[in-house]
Structures are given as C-alpha cells and as structure tokens.
>>> print(open('query_2.cif').read())   # mmCIF, C-alpha atoms
data_target
loop_
_atom_site.label_atom_id
_atom_site.label_comp_id
_atom_site.auth_asym_id
_atom_site.auth_seq_id
_atom_site.Cartn_x
_atom_site.Cartn_y
_atom_site.Cartn_z
CA MET A 1 0.00 0.00 0.00
CA SER A 2 0.89 3.60 -0.18
CA GLY A 3 3.40 4.88 2.35
CA LEU A 4 2.66 8.52 1.72
CA LEU A 5 4.23 10.85 4.30
CA PRO A 6 3.20 14.38 5.31
CA GLY A 7 4.90 17.41 3.74
CA PHE A 8 5.54 20.71 5.51
CA ALA A 9 3.90 20.91 8.94
CA ASP A 10 2.66 24.42 8.12
CA PRO A 11 2.53 24.51 4.30
CA VAL A 12 2.51 28.27 3.80
CA ALA A 13 4.93 29.50 6.47
CA ASP A 14 7.37 26.60 6.13
CA ALA A 15 7.49 26.85 2.35
CA GLN A 16 8.17 30.57 2.67
CA SER A 17 11.02 30.07 5.12
CA ALA A 18 12.50 27.39 2.85
CA PHE A 19 12.18 29.75 -0.12
CA ARG A 20 13.90 32.48 1.88
CA ALA A 21 16.79 30.13 2.75
CA VAL A 22 17.23 29.23 -0.93
CA LEU A 23 17.12 32.94 -1.84
CA GLU A 24 19.86 33.70 0.72
CA ALA A 25 21.90 30.76 -0.52
CA MET A 26 21.60 31.92 -4.15
CA ALA A 27 22.48 35.51 -3.23
CA ARG A 28 25.57 34.45 -1.27
CA PRO A 29 26.99 31.50 -3.16
CA GLY A 30 28.98 29.15 -1.00
CA ARG A 31 27.37 30.27 2.26
CA VAL A 32 25.53 27.43 3.99
CA GLN A 33 21.96 28.15 5.11
CA ARG A 34 20.13 26.06 7.67
CA LEU A 35 16.45 25.42 6.97
CA PRO A 36 14.37 26.24 10.03
CA ARG A 37 11.56 23.70 9.68
CA PRO A 38 12.12 21.14 6.92
CA PRO A 39 9.69 18.25 6.35
CA ALA A 40 10.57 14.60 6.95
CA PRO A 41 10.50 13.20 3.40
CA PRO A 42 10.74 9.49 2.53
CA ALA A 43 14.24 7.97 2.28
CA PRO A 44 16.64 8.55 0.62
CA LEU A 45 15.64 12.20 0.40
CA SER A 46 17.24 14.53 2.97
CA PRO A 47 15.02 17.05 4.82
CA ALA A 48 16.74 19.92 2.99
CA ALA A 49 16.20 18.43 -0.46
CA GLY A 50 12.56 17.73 0.41
CA ALA A 51 12.03 21.29 1.61
CA VAL A 52 13.63 22.82 -1.50
CA LEU A 53 11.53 20.59 -3.72
CA LEU A 54 8.23 21.44 -2.01
CA ALA A 55 9.06 25.15 -1.88
CA LEU A 56 10.03 25.47 -5.54
CA ALA A 57 8.26 22.80 -7.60
CA ASP A 58 4.65 23.14 -8.73
CA ALA A 59 2.33 22.05 -11.52
CA GLU A 60 4.29 24.08 -14.12
CA THR A 61 7.73 22.64 -13.38
CA PRO A 62 8.46 19.18 -14.79
CA LEU A 63 10.59 17.21 -12.36
CA TRP A 64 13.19 14.55 -13.02
CA LEU A 65 14.34 12.49 -10.07
CA ASP A 66 16.35 9.38 -9.29
CA ALA A 67 15.16 8.80 -5.74
CA GLY A 68 12.67 5.99 -6.31
CA ALA A 69 8.93 5.48 -6.47
CA GLU A 70 8.18 6.52 -2.90
CA VAL A 71 9.84 9.92 -3.29
CA ALA A 72 8.17 10.37 -6.68
CA GLU A 73 4.74 9.71 -5.18
CA TRP A 74 5.49 12.09 -2.30
CA ALA A 75 6.67 14.87 -4.63
CA VAL A 76 3.70 14.49 -6.97
CA PHE A 77 1.19 14.49 -4.11
CA HIS A 78 2.57 17.51 -2.24
CA ALA A 79 4.04 19.63 -5.04
CA GLY A 80 1.69 18.52 -7.84
CA CYS A 81 4.56 18.56 -10.34
CA PRO A 82 4.62 16.38 -13.47
CA LEU A 83 7.41 13.79 -13.66
CA VAL A 84 9.58 13.38 -16.75
CA GLU A 85 11.80 10.48 -17.78
CA ASP A 86 14.20 12.65 -19.76
CA ALA A 87 16.36 14.91 -17.57
CA GLY A 88 16.72 17.33 -20.48
CA ALA A 89 12.98 18.15 -20.34
CA ALA A 90 12.95 18.90 -16.61
CA THR A 91 12.83 22.31 -14.93
CA PHE A 92 14.03 20.74 -11.69
CA ALA A 93 16.29 17.72 -11.52
CA LEU A 94 16.60 16.08 -8.13
CA ALA A 95 19.60 13.81 -7.73
CA THR A 96 20.34 11.74 -4.67
CA GLY A 97 22.87 9.53 -6.43
CA THR A 98 24.90 10.31 -9.52
CA PRO A 99 23.31 13.36 -11.16
CA PRO A 100 22.72 13.61 -14.90
CA ALA A 101 25.56 15.32 -16.78
CA LEU A 102 25.32 19.12 -16.54
CA SER A 103 25.48 19.31 -20.32
CA SER A 104 22.36 17.09 -20.59
CA LEU A 105 20.17 19.49 -18.56
CA ASP A 106 18.23 22.36 -20.12
CA PRO A 107 20.58 25.40 -20.19
CA GLY A 108 17.86 27.87 -21.28
CA THR A 109 18.00 29.92 -24.45
CA ASP A 110 19.77 33.16 -25.33
CA GLU A 111 16.41 34.95 -25.28
CA GLU A 112 15.27 33.32 -22.02
CA PRO A 113 18.24 32.08 -20.01
CA GLN A 114 16.03 32.08 -16.88
CA ARG A 115 14.23 29.03 -18.25
CA ALA A 116 17.26 26.86 -17.52
CA ALA A 117 16.98 23.83 -15.31
CA THR A 118 17.95 23.84 -11.64
CA LEU A 119 19.72 20.81 -10.24
CA ILE A 120 18.88 19.94 -6.65
CA LEU A 121 21.87 17.83 -5.70
CA GLN A 122 21.92 15.89 -2.47
CA VAL A 123 25.45 15.57 -1.08
CA ALA A 124 26.95 14.01 2.05
CA SER A 125 28.01 17.23 3.81
CA LEU A 126 28.56 20.96 3.37
CA ALA A 127 31.11 23.05 5.28
CA GLU A 128 32.28 26.64 4.96
CA GLY A 129 35.82 27.94 5.33
CA ARG A 130 37.74 25.22 3.50
CA GLY A 131 37.69 23.30 0.26
CA TRP A 132 36.71 24.93 -3.04
CA ARG A 133 37.44 28.61 -3.71
CA LEU A 134 34.34 30.34 -5.12
CA THR A 135 34.42 33.73 -6.83
CA GLY A 136 31.80 35.69 -8.71
CA PRO A 137 28.72 37.87 -8.18
CA GLY A 138 27.54 37.87 -4.54
CA ILE A 139 31.05 37.18 -3.24
CA GLU A 140 33.34 40.05 -2.19
CA ARG A 141 36.69 38.25 -2.47
CA GLU A 142 36.22 34.52 -2.26
CA HIS A 143 34.07 32.05 -0.35
CA ARG A 144 35.33 28.62 0.53
CA LEU A 145 33.00 25.67 0.48
CA GLN A 146 33.77 22.06 1.16
CA VAL A 147 31.33 19.61 -0.38
CA GLU A 148 31.55 15.89 0.35
CA GLY A 149 29.88 13.55 -2.08
CA VAL A 150 29.98 15.33 -5.44
CA PRO A 151 30.49 13.04 -8.42
CA ASN A 152 33.92 12.63 -9.98
CA GLY A 153 34.75 15.17 -12.63
CA PHE A 154 32.25 17.68 -11.27
CA LEU A 155 34.63 20.66 -11.36
CA ALA A 156 35.59 20.00 -14.98
CA ALA A 157 31.89 19.75 -15.94
CA TRP A 158 31.16 22.96 -14.02
CA THR A 159 34.00 24.82 -15.76
CA ALA A 160 32.70 23.62 -19.13
CA SER A 161 29.19 24.71 -18.21
CA ARG A 162 30.51 28.09 -16.98
CA ALA A 163 31.86 28.79 -20.48
CA ARG A 164 28.36 29.03 -22.01
CA PHE A 165 27.20 31.76 -19.61
CA PRO A 166 24.54 33.33 -19.56
CA LEU A 167 23.20 29.88 -20.37
CA GLY A 168 23.80 27.15 -17.84
CA VAL A 169 22.42 25.24 -14.91
CA ASP A 170 22.08 26.47 -11.32
CA ILE A 171 22.73 24.00 -8.54
CA ILE A 172 21.27 23.82 -5.05
CA LEU A 173 23.35 21.57 -2.81
CA CYS A 174 21.47 19.89 0.03
CA ALA A 175 22.88 17.98 2.98
CA GLY A 176 20.88 17.13 6.09
CA ASP A 177 18.91 20.29 6.83
CA CYS A 178 21.41 22.66 5.15
CA VAL A 179 21.51 24.16 1.67
CA ALA A 180 24.14 26.03 -0.33
CA ALA A 181 23.82 27.23 -3.89
CA LEU A 182 26.06 27.37 -6.93
CA PRO A 183 24.48 29.83 -9.36
CA ARG A 184 25.79 29.50 -12.90
CA SER A 185 27.74 32.79 -12.56
CA ILE A 186 30.18 31.30 -10.06
CA THR A 187 33.73 30.25 -10.84
CA ILE A 188 35.02 27.34 -8.77
CA ARG A 189 38.69 26.59 -8.23
CA GLU A 190 40.11 23.63 -6.36
CA GLY A 191 41.16 24.70 -2.82
CA MET V 1 -10.83 -13.77 -18.43
CA SER V 2 -8.97 -10.51 -18.09
CA ALA V 3 -12.19 -8.52 -17.69
CA GLU V 4 -12.98 -9.94 -14.25
CA PRO V 5 -10.36 -8.15 -12.16
CA ASN V 6 -11.31 -4.98 -14.02
CA ASP V 7 -14.97 -5.40 -13.10
CA GLU V 8 -13.97 -6.07 -9.51
CA ARG V 9 -11.87 -2.92 -9.54
CA ARG V 10 -14.67 -0.87 -11.03
CA ARG V 11 -17.15 -2.15 -8.46
CA ALA V 12 -14.76 -1.24 -5.64
CA ASP V 13 -14.25 2.21 -7.18
CA ASP V 14 -18.00 2.75 -7.54
CA GLU V 15 -18.55 1.73 -3.96
CA ARG V 16 -15.84 4.09 -2.72
CA ARG V 17 -17.17 6.90 -4.94
CA ARG V 18 -20.59 6.43 -3.37
CA TRP V 19 -19.45 6.67 0.26
CA MET V 20 -17.11 9.58 -0.53
CA GLY V 21 -20.03 11.46 -2.07
CA ILE V 22 -22.34 10.74 0.85
CA LEU V 23 -19.68 11.79 3.39
CA ALA V 24 -18.88 14.94 1.40
CA ARG V 25 -22.51 16.02 1.54
CA ALA V 26 -23.05 15.06 5.18
CA GLY V 27 -21.20 17.86 7.00
CA ALA V 28 -19.29 17.73 10.28
CA ALA V 29 -22.37 17.75 12.53
CA GLY V 30 -24.05 14.93 10.63
CA ILE V 31 -20.95 12.72 10.65
CA GLU V 32 -20.18 13.39 14.31
CA ALA V 33 -23.72 12.46 15.33
CA ARG V 34 -23.34 9.09 13.63
CA LEU V 35 -19.79 8.51 14.90
CA ALA V 36 -20.94 9.01 18.49
CA GLU V 37 -22.72 5.65 18.23
CA THR V 38 -19.86 3.61 16.78
CA ALA V 39 -16.40 2.46 17.81
CA PRO V 40 -13.88 5.34 17.65
CA LEU V 41 -12.06 5.84 14.36
CA PRO V 42 -8.42 4.73 14.16
CA PRO V 43 -5.95 7.57 14.78
CA HIS V 44 -4.77 9.45 11.70
CA THR V 45 -2.18 12.04 10.73
CA ARG V 46 -2.88 14.87 8.33
CA LEU V 47 -1.10 14.60 4.99
CA ARG V 48 -2.58 17.73 3.49
CA GLY V 49 -5.04 20.25 4.78
CA PRO V 50 -7.86 20.53 5.60
CA GLU V 51 -7.55 23.51 3.29
CA THR V 52 -10.04 25.63 1.38
CA GLY V 53 -9.61 26.81 -2.19
CA LEU V 54 -11.42 27.49 -5.43
CA VAL V 55 -12.04 25.18 -8.35
CA MET V 56 -13.29 26.27 -11.76
CA VAL V 57 -16.53 24.56 -12.69
CA ARG V 58 -16.74 24.02 -16.44
CA GLY V 59 -19.76 23.18 -18.50
CA ARG V 60 -20.78 22.44 -22.07
CA ALA V 61 -23.74 24.16 -23.66
CA GLY V 62 -26.34 21.49 -24.29
CA GLY V 63 -24.00 18.89 -22.86
CA ASP V 64 -21.92 18.59 -26.05
CA GLY V 65 -20.93 22.15 -27.00
CA ALA V 66 -17.55 23.80 -26.50
CA PRO V 67 -16.53 23.84 -22.83
CA PHE V 68 -16.92 27.16 -21.06
CA ASN V 69 -16.10 28.32 -17.53
CA LEU V 70 -19.33 28.38 -15.56
CA GLY V 71 -17.82 29.87 -12.40
CA GLU V 72 -15.66 29.13 -9.41
CA MET V 73 -16.83 27.25 -6.38
CA THR V 74 -15.38 26.95 -2.90
CA VAL V 75 -14.00 23.52 -2.14
CA THR V 76 -12.38 22.17 1.01
CA ARG V 77 -10.11 19.16 0.76
CA CYS V 78 -8.23 16.97 3.17
CA ALA V 79 -5.98 13.91 2.96
CA VAL V 80 -5.11 11.83 5.99
CA ARG V 81 -3.03 8.74 6.62
CA LEU V 82 -3.72 5.93 9.06
CA GLU V 83 -0.92 4.19 10.94
CA ASP V 84 -0.95 1.28 8.48
CA GLY V 85 -0.33 3.65 5.57
CA THR V 86 -3.88 3.76 4.18
CA VAL V 87 -4.63 7.18 2.72
CA GLY V 88 -8.10 8.72 2.82
CA HIS V 89 -9.24 11.70 0.77
CA ALA V 90 -12.16 14.10 0.96
CA TYR V 91 -13.26 16.94 -1.30
CA LEU V 92 -16.40 18.81 -0.38
CA ALA V 93 -18.24 21.95 -1.41
CA GLY V 94 -18.00 24.82 1.06
CA ARG V 95 -15.69 25.55 3.95
CA ASP V 96 -16.43 22.73 6.39
CA ARG V 97 -12.85 21.95 7.46
CA ARG V 98 -13.84 19.65 10.31
CA GLY V 99 -16.25 17.82 8.01
CA ALA V 100 -13.50 17.36 5.41
CA GLU V 101 -11.12 15.86 7.95
CA LEU V 102 -13.78 13.50 9.33
CA ALA V 103 -14.79 12.44 5.82
CA ALA V 104 -11.16 11.76 4.91
CA ALA V 105 -10.57 9.74 8.09
CA LEU V 106 -13.72 7.74 7.39
CA ASP V 107 -12.69 7.19 3.78
CA ALA V 108 -9.41 5.74 5.03
CA ALA V 109 -11.13 3.53 7.61
CA LEU V 110 -13.72 2.33 5.07
CA GLN V 111 -10.97 0.99 2.81
CA ASP V 112 -10.23 -1.66 5.44
CA PRO V 113 -12.52 -4.65 4.61
CA VAL V 114 -12.65 -5.62 8.30
CA ARG V 115 -14.03 -2.29 9.47
CA ARG V 116 -16.12 -1.57 6.41
CA PRO V 117 -19.42 -3.40 7.11
CA ALA V 118 -19.83 -1.89 10.58
CA LEU V 119 -18.99 1.62 9.42
CA LEU V 120 -21.22 1.38 6.37
CA ALA V 121 -24.14 0.27 8.51
CA ALA V 122 -23.59 2.74 11.34
CA VAL V 123 -22.48 5.87 9.47
CA VAL V 124 -22.85 5.80 5.69
CA GLU V 125 -26.26 4.16 5.25
CA PRO V 126 -28.10 6.38 7.80
CA LEU V 127 -26.54 9.47 6.20
CA ALA V 128 -27.51 8.22 2.75
CA ALA V 129 -31.10 7.62 3.90
CA LYS V 130 -31.25 11.12 5.37
CA GLN V 131 -29.93 12.68 2.17
CA THR V 132 -32.37 10.71 0.00
CA GLU V 133 -35.22 11.80 2.25
CA ALA V 134 -34.14 15.45 2.13
CA ARG V 135 -33.95 15.29 -1.67
CA ALA V 136 -37.38 13.67 -1.85
CA ALA V 137 -38.85 16.33 0.45
CA THR V 138 -37.48 19.11 -1.77
CA ALA V 139 -38.80 17.33 -4.85
CA ARG V 140 -42.24 16.99 -3.26
CA LYS V 141 -42.30 20.70 -2.40
CA ALA V 142 -41.30 21.60 -5.92
CA ALA V 143 -43.85 19.19 -7.38
CA ALA V 144 -46.63 20.77 -5.34
CA THR V 145 -46.03 24.12 -7.02
CA ARG V 146 -45.89 22.68 -10.52
CA VAL V 147 -48.30 24.30 -12.94
CA ARG V 148 -50.12 21.88 -15.23
CA PHE V 149 -50.82 23.79 -18.39
CA LEU V 150 -52.77 20.90 -19.81
CA ALA V 151 -55.10 20.88 -16.78
CA MET V 152 -55.72 24.64 -17.11
CA GLU V 153 -56.60 24.16 -20.75
CA THR V 154 -59.17 21.49 -19.98
CA THR V 155 -60.81 23.50 -17.14
CA ARG V 156 -61.24 26.53 -19.33
#
>>> encode(input="query_2.cif", output="structure tokens")
Amino acid sequence: MSGLLPGFADPVADAQSAFRAVLEAMARPGRVQRLPRPPAPPAPLSPAAGAVLLALADAETPLWLDAGAEVAEWAVFHAGCPLVEDAGAATFALATGTPPALSSLDPGTDEEPQRAATLILQVASLAEGRGWRLTGPGIEREHRLQVEGVPNGFLAAWTASRARFPLGVDIILCAGDCVAALPRSITIREG
Amino acid sequence: MSAEPNDERRRADDERRRWMGILARAGAAGIEARLAETAPLPPHTRLRGPETGLVMVRGRAGGDGAPFNLGEMTVTRCAVRLEDGTVGHAYLAGRDRRGAELAAALDAALQDPVRRPALLAAVVEPLAAKQTEARAATARKAAATRVRFLAMETTR
C-alpha cells in the first residue's frame, strides 16, 4: 500500500522560510543556510532536499528524479509537479545519487536564459571555510565551500558549463537540513 | 478472463465513490452524530489540509458544446493517513474543514474490509437515507407548485 508521508507541517509558512533560505543561498553562493523547519521526506531524500523541492516545484515545473517510487509519489502528491523520464525536459532535476551530466540538462536559451533547469543535488556534507574557492557575483573576495559527495569530474563539468554563460544550470546543494547554492555565474577553483 | 479483475476494480471504485459522495454532503455535525454511536475511528495524521480553495466549474452548452467556464466554487479538501499507511481523501463543497477531515478519516477507515461493514451500517447508510429523504422532500415541495398547463386548458 501507499506509504505517503506528510509534507511541511505548516505549508505556507514553512514553504516561505525554505524559499527564503534558498534565496539567501543563491544571493551568497557558498554560504551554507540552515532550513528552520524542513519536512521529513521518505528515504533517501534529505530534509533539505525535500524542503527545497516542495518550496520550488509546482504544476508548471516538470521534475526529473532518481530517488525511487516513494519519493516520486510524495513529490507528486505535495508539489503537484509532473514527472519526466528525460532529464533534459525537466525544470528541476533532483539527484540523490549520480546526477545527470550538466550538459544534458536544459541550459535555457539566449532569449530566455532564466528558463534553464535547476539541479537539486543531495550531497553528504557541506562546510564553509575550507575546500573549493568560489568567486563571482555575490562574493566580495572569495568564499570557501567544502562539499563531500559530489560526483567525480564535477569541477571539470562545471567549468565547461561556466563557459556558455549566460546559459547554464544552477545547482542547489542539500545535505541534512542545510543548503548552499552554486548559481551559474560562479567560478570554482580547487582549494 | 482478463475482464474480471477490471470489473472487480470498477465495483470497488464505484462503492468508494458512493461513500465519498455521501460523506462529502453530510457535513461535520451529521458525521459526528453518527460517529458518536460507533467504535472510535483509528488515529490518523494529516497529509494535506484541511484547506479551502477554489475550483473552476466548467460546463458544455447542451452537454456537447464547447466547454466554457461556468464559475468558481469553494471547495475544502483533506488527505489523511492511518498508521498502516492507508490514505483517505475528501473533497467537499463549502468551507467545512472539520467535516473534510472526518470524511477523509472515514474514507481511510472504510478501505479496510474488516471495518467496512460496521462503518457502512452505522455511518454511511443512515446518512444516505437522510440525504435521499431530504432530496425527496425538496422534490415533493417543488412538485406541489408545478403548474399543469394541460389541466388549465381542460378546465377553461
């Protein structure tokens, strides 16, 4: 039978606070934001990834995910978003394992770069102050961000994706109840 | 034959559709009055709502014309989950949040074949009888005011 779980405890206020955390994370790339009241989504989804999904996805945003049938049912019930098989057709891609290649996701068009896909990437941990060196808009000199659990070759793929700016994919990193964002304008160098 | 499980499925769906409709029309007070005389419902957690919103009612002129928007109506919905994972839903016209939650909890409990006969007998059937009676009373009142043009013609 269905093992459907509840979403946000307070749908309006909790979705707004999650949205605010994502906004802060996008505005200050590499800074880790803690979500105040995330939901308890089905495994293997982390609370942060679940909160970001419910706050951002709706009936107009096709979703691609690799987290299994239970998470798919949960996302469709609470967010009402259509699911797609092809990651290239998705507005949001949610990856708990190996994400689809950045080049396979929708990068937007020159006329409408804002239509690009956003990758919600679940990682093992996020820490500030060490690791990657991030520079770009929203960062005064450089922010350092250590991310455990990104796929091999991520930095090379990111650098390749950075070259087609203003097209490209934005990434929201989720670990536990924390989020950090990598907007497409950011340059990442190995720490 | 492959049609048999389908028929079974359709019968089960029809049955569930019937009790969901009756519970949606019953209202919180009506359901609570019936529940007072039965075993308490199993505990549930709210999955969504109860929440009130608008749905667009669409119609077709003459039943087969192009669809048009007739107007919006207020709808309250609720989804609950029992401890065993059974999910119950309720959609009802108006803003009866308590009624929506009770109807959803009952919908979940009614899906359990063990509980179903008792709940149907104690809650759903009495509510159905009441609703049929209310509809019949309205129909009688309306019928009493009906003008028989044929009768007027013959008395003239």
>>> interface_residues(input="query_2.cif", of="chain V", to="chain A", cutoff="10 Å", atoms="only C-alpha atoms", output="list in words")
Thr45, Arg46, Leu47, Arg48, Gly49, Ala79, Val80, Arg81, Leu82, Glu83, Asp84, Gly85, Thr86 and Val87 of chain V
>>> resolve_selection(input="query_2.cif", expression="the PyMOL selection byres ((chain A and resi 134) around 10)", output="list in words")
Pro29, Gly30, Gly131, Trp132, Arg133, Thr135, Gly136, Pro137, Ile139, Arg141, Glu142, His143, Arg144, Leu145, Leu182, Ile186, Thr187, Ile188, Arg189, Glu190 and Gly191 of chain A
>>> write_last_selection(input="query_2.cif", atoms="C-alpha atoms", output="PDB file, keeping the file's coordinate frame")
ATOM      1  CA  PRO A  29      26.990  31.500  -3.160  1.00  0.00           C
ATOM      2  CA  GLY A  30      28.980  29.150  -1.000  1.00  0.00           C
ATOM      3  CA  GLY A 131      37.690  23.300   0.260  1.00  0.00           C
ATOM      4  CA  TRP A 132      36.710  24.930  -3.040  1.00  0.00           C
ATOM      5  CA  ARG A 133      37.440  28.610  -3.710  1.00  0.00           C
ATOM      6  CA  THR A 135      34.420  33.730  -6.830  1.00  0.00           C
ATOM      7  CA  GLY A 136      31.800  35.690  -8.710  1.00  0.00           C
ATOM      8  CA  PRO A 137      28.720  37.870  -8.180  1.00  0.00           C
ATOM      9  CA  ILE A 139      31.050  37.180  -3.240  1.00  0.00           C
ATOM     10  CA  ARG A 141      36.690  38.250  -2.470  1.00  0.00           C
ATOM     11  CA  GLU A 142      36.220  34.520  -2.260  1.00  0.00           C
ATOM     12  CA  HIS A 143      34.070  32.050  -0.350  1.00  0.00           C
ATOM     13  CA  ARG A 144      35.330  28.620   0.530  1.00  0.00           C
ATOM     14  CA  LEU A 145      33.000  25.670   0.480  1.00  0.00           C
ATOM     15  CA  LEU A 182      26.060  27.370  -6.930  1.00  0.00           C
ATOM     16  CA  ILE A 186      30.180  31.300 -10.060  1.00  0.00           C
ATOM     17  CA  THR A 187      33.730  30.250 -10.840  1.00  0.00           C
ATOM     18  CA  ILE A 188      35.020  27.340  -8.770  1.00  0.00           C
ATOM     19  CA  ARG A 189      38.690  26.590  -8.230  1.00  0.00           C
ATOM     20  CA  GLU A 190      40.110  23.630  -6.360  1.00  0.00           C
ATOM     21  CA  GLY A 191      41.160  24.700  -2.820  1.00  0.00           C
TER      22      GLY A 191
END
>>> resolve_selection(input="query_2.cif", expression="the PyMOL selection byres ((chain A and resi 149-155) around 12)", output="MDAnalysis selection string")
chainID A and resid 95:103 121:126 132:134 146:148 156:162 171 173:175 182 186:191
>>> write_last_selection(input="query_2.cif", atoms="C-alpha atoms", output="PDB file, in the coordinates of the input")
ATOM      1  CA  ALA A  95      19.600  13.810  -7.730  1.00  0.00           C
ATOM      2  CA  THR A  96      20.340  11.740  -4.670  1.00  0.00           C
ATOM      3  CA  GLY A  97      22.870   9.530  -6.430  1.00  0.00           C
ATOM      4  CA  THR A  98      24.900  10.310  -9.520  1.00  0.00           C
ATOM      5  CA  PRO A  99      23.310  13.360 -11.160  1.00  0.00           C
ATOM      6  CA  PRO A 100      22.720  13.610 -14.900  1.00  0.00           C
ATOM      7  CA  ALA A 101      25.560  15.320 -16.780  1.00  0.00           C
ATOM      8  CA  LEU A 102      25.320  19.120 -16.540  1.00  0.00           C
ATOM      9  CA  SER A 103      25.480  19.310 -20.320  1.00  0.00           C
ATOM     10  CA  LEU A 121      21.870  17.830  -5.700  1.00  0.00           C
ATOM     11  CA  GLN A 122      21.920  15.890  -2.470  1.00  0.00           C
ATOM     12  CA  VAL A 123      25.450  15.570  -1.080  1.00  0.00           C
ATOM     13  CA  ALA A 124      26.950  14.010   2.050  1.00  0.00           C
ATOM     14  CA  SER A 125      28.010  17.230   3.810  1.00  0.00           C
ATOM     15  CA  LEU A 126      28.560  20.960   3.370  1.00  0.00           C
ATOM     16  CA  TRP A 132      36.710  24.930  -3.040  1.00  0.00           C
ATOM     17  CA  ARG A 133      37.440  28.610  -3.710  1.00  0.00           C
ATOM     18  CA  LEU A 134      34.340  30.340  -5.120  1.00  0.00           C
ATOM     19  CA  GLN A 146      33.770  22.060   1.160  1.00  0.00           C
ATOM     20  CA  VAL A 147      31.330  19.610  -0.380  1.00  0.00           C
ATOM     21  CA  GLU A 148      31.550  15.890   0.350  1.00  0.00           C
ATOM     22  CA  ALA A 156      35.590  20.000 -14.980  1.00  0.00           C
ATOM     23  CA  ALA A 157      31.890  19.750 -15.940  1.00  0.00           C
ATOM     24  CA  TRP A 158      31.160  22.960 -14.020  1.00  0.00           C
ATOM     25  CA  THR A 159      34.000  24.820 -15.760  1.00  0.00           C
ATOM     26  CA  ALA A 160      32.700  23.620 -19.130  1.00  0.00           C
ATOM     27  CA  SER A 161      29.190  24.710 -18.210  1.00  0.00           C
ATOM     28  CA  ARG A 162      30.510  28.090 -16.980  1.00  0.00           C
ATOM     29  CA  ILE A 171      22.730  24.000  -8.540  1.00  0.00           C
ATOM     30  CA  LEU A 173      23.350  21.570  -2.810  1.00  0.00           C
ATOM     31  CA  CYS A 174      21.470  19.890   0.030  1.00  0.00           C
ATOM     32  CA  ALA A 175      22.880  17.980   2.980  1.00  0.00           C
ATOM     33  CA  LEU A 182      26.060  27.370  -6.930  1.00  0.00           C
ATOM     34  CA  ILE A 186      30.180  31.300 -10.060  1.00  0.00           C
ATOM     35  CA  THR A 187      33.730  30.250 -10.840  1.00  0.00           C
ATOM     36  CA  ILE A 188      35.020  27.340  -8.770  1.00  0.00           C
ATOM     37  CA  ARG A 189      38.690  26.590  -8.230  1.00  0.00           C
ATOM     38  CA  GLU A 190      40.110  23.630  -6.360  1.00  0.00           C
ATOM     39  CA  GLY A 191      41.160  24.700  -2.820  1.00  0.00           C
TER      40      GLY A 191
END
>>> resolve_selection(input="query_2.cif", expression="the PyMOL selection byres ((chain A and resi 55) around 7)", output="list in words")
Ala15, Ala18, Phe19, Ala51, Val52, Leu53, Leu54, Leu56 and Ala57 of chain A
>>> write_last_selection(input="query_2.cif", atoms="C-alpha atoms", output="PDB file, in the coordinates of the input")
ATOM      1  CA  ALA A  15       7.490  26.850   2.350  1.00  0.00           C
ATOM      2  CA  ALA A  18      12.500  27.390   2.850  1.00  0.00           C
ATOM      3  CA  PHE A  19      12.180  29.750  -0.120  1.00  0.00           C
ATOM      4  CA  ALA A  51      12.030  21.290   1.610  1.00  0.00           C
ATOM      5  CA  VAL A  52      13.630  22.820  -1.500  1.00  0.00           C
ATOM      6  CA  LEU A  53      11.530  20.590  -3.720  1.00  0.00           C
ATOM      7  CA  LEU A  54       8.230  21.440  -2.010  1.00  0.00           C
ATOM      8  CA  LEU A  56      10.030  25.470  -5.540  1.00  0.00           C
ATOM      9  CA  ALA A  57       8.260  22.800  -7.600  1.00  0.00           C
TER      10      ALA A  57
END
>>> atom_distance(input="query_2.cif", atom1="atom CA of Gly108 of chain A", atom2="atom CA of Ala25 of chain A")
21.3 Å
>>> atom_distance(input="query_2.cif", atom1="atom CA of Pro113 of chain A", atom2="atom CA of Gly168 of chain A")
7.7 Å
>>> residues_around(input="query_2.cif", residues="Pro41 of chain A", least_positions_apart="2", cutoff="9 Å", atoms="only C-alpha atoms", output="list in words")
Leu5, Pro6, Gly7, Pro38, Pro39, Ala43, Pro44, Leu45, Ser46, Pro47, Ala49, Gly50, Ala51, Val71 and Trp74 of chain A
>>> atom_distance(input="query_2.cif", atom1="atom CA of Met26 of chain A", atom2="atom CA of Leu167 of chain A")
16.4 Å
